[in-house]
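Q: Below you will find the structure I want to go over with you.
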Amino acid sequence: MVCASNQNRSMEAHAALRDHGFEVESFGVGQHVKLPGKSAKEPNVYPFGTPYEAMRQDLMEKDEKLYTKTGLLAMLERNASIKTAPERWQDCSHVDFDVVVTFEQRVFDRVVEDLQSRSTRALQPVLVVNLETKDNHSEAAAAAPLTLKLCEYLRAEEDWEDEIESIVQKFSEDTGKHLLYTVHFG
């Protein structure tokens, strides 16, 4: 699961898949972790690897009432219950995934570009799928069960590589969502 900052969309999907028995990891692709601040011009910026709990404590010290109201404190608490800190996709040394789901086309593009730049010997197929999702709490919550549905469709097929077009078509018909995807051999 990959989004920009490994906070909202990727973590909502991470939780849903984990809770249904999937082996899952999540990442962000940005230079830094950015969370909304008091204004659009004043985001809260943290390096990847900063523990979710440390971010939560920092926001509580800055303006607990505001960040409770916006849902950021609850989101960070959820994230801390899943893993310690946000991770950056480009810093991941073990890209041995069958499926990578992104939630924004620019994130999809970065993941594909990164996969193409890595030297590998295994030539294992990696499905990279984009499920376009606005970066807000309600859209992330709505995308998580859709991500789970897609992953269940993929898991049900013994050779998803041969069936990917029919899986994507069935997903689109069942959900009304259109997917951008590519299969990378790396």
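Residues are named by chain letter and number: chains run A, B, ... in the order of the structure tokens, numbers start at 1 in each chain, and ligands are numbered from 1 in the order shown.
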For His14 of chain A, work out the shell of residues within 10 Å, counting only C-alpha atoms and skipping chain neighbours fewer than 6 positions away, then give it as an MDAnalysis selection string.
A: chainID A and resid 1:2 6 8 22:27 79 82:83 144 147:148
Q: Just the strand (DSSP E) stuff from chain A, please, per backbone DSSP, written as a list in words.
A: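 Those residues are Val2, Cys3, Phe27, Gly28, Val33, Lys34, Leu35, Asn44, Val45, Tyr46, Val99, Val100, Val101, Thr102, Pro125, Val126, Leu127, Val128, Val129, Asn130, Leu180, Tyr181, Thr182, Val183, His184 and Phe185 of chain A.
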Q: Could you save the residues just selected, with N, CA and C atoms, as a PDB file, in the first residue's frame?
A:
```
ATOM      1  N   VAL A   2       0.702   2.106  -0.977  1.00  0.00           N
ATOM      2  CA  VAL A   2       1.584   3.268  -1.087  1.00  0.00           C
ATOM      3  C   VAL A   2       0.766   4.524  -1.358  1.00  0.00           C
ATOM      4  N   CYS A   3       1.017   5.550  -0.539  1.00  0.00           N
ATOM      5  CA  CYS A   3       0.455   6.882  -0.772  1.00  0.00           C
ATOM      6  C   CYS A   3       1.591   7.887  -0.629  1.00  0.00           C
ATOM      7  N   PHE A  27       3.819   2.212   2.605  1.00  0.00           N
ATOM      8  CA  PHE A  27       4.897   3.172   2.384  1.00  0.00           C
ATOM      9  C   PHE A  27       4.335   4.497   1.888  1.00  0.00           C
ATOM     10  N   GLY A  28       5.212   5.501   1.861  1.00  0.00           N
ATOM     11  CA  GLY A  28       4.950   6.776   1.213  1.00  0.00           C
ATOM     12  C   GLY A  28       6.062   7.030   0.201  1.00  0.00           C
ATOM     13  N   VAL A  33       7.213  13.489   5.343  1.00  0.00           N
ATOM     14  CA  VAL A  33       5.840  13.240   5.763  1.00  0.00           C
ATOM     15  C   VAL A  33       5.210  14.598   6.017  1.00  0.00           C
ATOM     16  N   LYS A  34       4.105  14.873   5.340  1.00  0.00           N
ATOM     17  CA  LYS A  34       3.408  16.142   5.529  1.00  0.00           C
ATOM     18  C   LYS A  34       2.007  15.881   6.056  1.00  0.00           C
ATOM     19  N   LEU A  35       1.686  16.578   7.128  1.00  0.00           N
ATOM     20  CA  LEU A  35       0.346  16.529   7.704  1.00  0.00           C
ATOM     21  C   LEU A  35      -0.215  17.939   7.703  1.00  0.00           C
ATOM     22  N   ASN A  44       2.569  20.483   8.862  1.00  0.00           N
ATOM     23  CA  ASN A  44       3.476  19.852   9.821  1.00  0.00           C
ATOM     24  C   ASN A  44       4.323  18.863   9.027  1.00  0.00           C
ATOM     25  N   VAL A  45       5.629  19.042   9.055  1.00  0.00           N
ATOM     26  CA  VAL A  45       6.535  18.242   8.236  1.00  0.00           C
ATOM     27  C   VAL A  45       7.473  17.453   9.147  1.00  0.00           C
ATOM     28  N   TYR A  46       7.596  16.161   8.847  1.00  0.00           N
ATOM     29  CA  TYR A  46       8.447  15.257   9.627  1.00  0.00           C
ATOM     30  C   TYR A  46       9.262  14.395   8.664  1.00  0.00           C
ATOM     31  N   VAL A  99       1.895  -7.547  -5.313  1.00  0.00           N
ATOM     32  CA  VAL A  99       0.975  -6.470  -5.676  1.00  0.00           C
ATOM     33  C   VAL A  99       1.354  -5.207  -4.905  1.00  0.00           C
ATOM     34  N   VAL A 100       1.345  -4.085  -5.614  1.00  0.00           N
ATOM     35  CA  VAL A 100       1.546  -2.774  -4.985  1.00  0.00           C
ATOM     36  C   VAL A 100       0.330  -1.935  -5.365  1.00  0.00           C
ATOM     37  N   VAL A 101      -0.389  -1.447  -4.367  1.00  0.00           N
ATOM     38  CA  VAL A 101      -1.560  -0.609  -4.614  1.00  0.00           C
ATOM     39  C   VAL A 101      -1.204   0.824  -4.238  1.00  0.00           C
ATOM     40  N   THR A 102      -1.449   1.738  -5.168  1.00  0.00           N
ATOM     41  CA  THR A 102      -1.266   3.158  -4.911  1.00  0.00           C
ATOM     42  C   THR A 102      -2.641   3.826  -4.937  1.00  0.00           C
ATOM     43  N   PRO A 125       6.872 -11.205 -11.494  1.00  0.00           N
ATOM     44  CA  PRO A 125       5.891 -10.170 -11.826  1.00  0.00           C
ATOM     45  C   PRO A 125       5.412  -9.419 -10.586  1.00  0.00           C
ATOM     46  N   VAL A 126       5.302  -8.114 -10.714  1.00  0.00           N
ATOM     47  CA  VAL A 126       4.752  -7.257  -9.671  1.00  0.00           C
ATOM     48  C   VAL A 126       3.632  -6.449 -10.308  1.00  0.00           C
ATOM     49  N   LEU A 127       2.423  -6.617  -9.806  1.00  0.00           N
ATOM     50  CA  LEU A 127       1.287  -5.845 -10.281  1.00  0.00           C
ATOM     51  C   LEU A 127       1.250  -4.529  -9.520  1.00  0.00           C
ATOM     52  N   VAL A 128       1.297  -3.412 -10.251  1.00  0.00           N
ATOM     53  CA  VAL A 128       1.169  -2.095  -9.642  1.00  0.00           C
ATOM     54  C   VAL A 128      -0.176  -1.534 -10.090  1.00  0.00           C
ATOM     55  N   VAL A 129      -1.034  -1.232  -9.132  1.00  0.00           N
ATOM     56  CA  VAL A 129      -2.403  -0.795  -9.404  1.00  0.00           C
ATOM     57  C   VAL A 129      -2.650   0.542  -8.724  1.00  0.00           C
ATOM     58  N   ASN A 130      -3.318   1.445  -9.434  1.00  0.00           N
ATOM     59  CA  ASN A 130      -3.724   2.702  -8.820  1.00  0.00           C
ATOM     60  C   ASN A 130      -5.237   2.741  -8.673  1.00  0.00           C
ATOM     61  N   LEU A 180      -5.946   1.986 -12.929  1.00  0.00           N
ATOM     62  CA  LEU A 180      -4.766   2.102 -13.776  1.00  0.00           C
ATOM     63  C   LEU A 180      -3.822   1.021 -13.264  1.00  0.00           C
ATOM     64  N   TYR A 181      -3.225   0.237 -14.151  1.00  0.00           N
ATOM     65  CA  TYR A 181      -2.336  -0.821 -13.675  1.00  0.00           C
ATOM     66  C   TYR A 181      -1.261  -1.130 -14.698  1.00  0.00           C
ATOM     67  N   THR A 182      -0.216  -1.744 -14.214  1.00  0.00           N
ATOM     68  CA  THR A 182       0.843  -2.254 -15.067  1.00  0.00           C
ATOM     69  C   THR A 182       1.452  -3.459 -14.352  1.00  0.00           C
ATOM     70  N   VAL A 183       2.020  -4.352 -15.122  1.00  0.00           N
ATOM     71  CA  VAL A 183       2.747  -5.477 -14.544  1.00  0.00           C
ATOM     72  C   VAL A 183       4.221  -5.236 -14.826  1.00  0.00           C
ATOM     73  N   HIS A 184       4.997  -5.195 -13.766  1.00  0.00           N
ATOM     74  CA  HIS A 184       6.429  -4.975 -13.866  1.00  0.00           C
ATOM     75  C   HIS A 184       7.135  -6.298 -13.574  1.00  0.00           C
ATOM     76  N   PHE A 185       8.109  -6.623 -14.374  1.00  0.00           N
ATOM     77  CA  PHE A 185       8.899  -7.829 -14.132  1.00  0.00           C
ATOM     78  C   PHE A 185      10.242  -7.392 -13.577  1.00  0.00           C
TER      79      PHE A 185
END
```
Q: Can you tell me, as a PyMOL selection string, which residues in segment 100-154 of chain A count as alpha helix (DSSP H) by DSSP?
A: chain A and resi 105-117+137-154
Q: Output C-alpha atoms for every residue in the selection just made, as a compact mmCIF listing (two decimals), in the first residue's frame.
A:
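Saved as part19.txt:
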```txt
# COMPACT_ATOMS: atom_id res chain seq x y z
CA GLN A 105 -1.52 8.65 -10.12
CA ARG A 106 1.61 10.63 -9.26
CA VAL A 107 2.39 8.02 -6.57
CA PHE A 108 1.75 5.23 -9.10
CA ASP A 109 4.17 6.95 -11.51
CA ARG A 110 6.87 7.23 -8.83
CA VAL A 111 6.52 3.58 -7.82
CA VAL A 112 6.72 2.38 -11.43
CA GLU A 113 9.71 4.64 -12.10
CA ASP A 114 11.45 3.34 -8.98
CA LEU A 115 10.79 -0.30 -9.90
CA GLN A 116 12.22 0.30 -13.36
CA SER A 117 15.39 1.81 -11.87
CA HIS A 137 -10.42 10.55 6.00
CA SER A 138 -13.77 9.62 4.43
CA GLU A 139 -12.31 8.78 0.99
CA ALA A 140 -9.52 6.72 2.58
CA ALA A 141 -12.09 4.83 4.66
CA ALA A 142 -14.17 4.16 1.52
CA ALA A 143 -11.12 2.99 -0.47
CA ALA A 144 -9.93 0.47 2.12
CA PRO A 145 -12.73 -2.09 1.55
CA LEU A 146 -12.34 -1.62 -2.21
CA THR A 147 -8.64 -2.37 -1.89
CA LEU A 148 -9.50 -5.45 0.14
CA LYS A 149 -11.99 -6.55 -2.54
CA LEU A 150 -9.36 -6.16 -5.28
CA CYS A 151 -6.80 -8.13 -3.28
CA GLU A 152 -9.36 -10.87 -2.60
CA TYR A 153 -10.07 -11.11 -6.34
CA LEU A 154 -6.33 -11.43 -7.00
```
Q: Point out the residue among A:His32, A:Lys134, A:His20, A:His178 with the least atom-to-atom distance to Phe48 of chain A, counting only C-alpha atoms.
A: A:His32
Q: From the set A:Ser5, A:Ser93, A:Thr70, A:Gln124, which residue has the shortest atom-to-atom contact distance to Glu161 of chain A, counting only C-alpha atoms?
A: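 Counting only C-alpha atoms, the residue closest to Glu161 of chain A is A:Gln124.
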Q: In Å, rounded to a single decimal, give me how far atom CA of Gly186 of chain A is from atom CA of Phe97 of chain A.
A: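 Those two atoms sit 10.1 Å apart.
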Q: Report as a tab-separated table the residues of segment 74-130 of chain A within 10 Å of segment 53-69 of chain A, each with its shortest atom pair and distance in Å (one decimal), using only C-alpha atoms, ordered by chain and increasing residue number.
A:
```
residue	atom	partner	partner_atom	distance
A:Ala74	CA	A:Thr68	CA	7.0
A:Met75	CA	A:Arg56	CA	9.0
A:Leu76	CA	A:Arg56	CA	5.9
A:Glu77	CA	A:Glu53	CA	6.9
A:Arg78	CA	A:Glu53	CA	9.8
A:Asn79	CA	A:Glu53	CA	8.6
A:Ala80	CA	A:Glu53	CA	6.1
A:Ser81	CA	A:Glu53	CA	9.4
A:Thr84	CA	A:Glu53	CA	7.8
A:Ala85	CA	A:Glu53	CA	8.2
```
Q: Have a look at atom CA of Pro51 of chain A and atom CA of Pro86 of chain A and let me know their distance in Å, one decimal.
A: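 Computing the Euclidean distance for atom CA of Pro51 of chain A and atom CA of Pro86 of chain A yields 7.1 Å.
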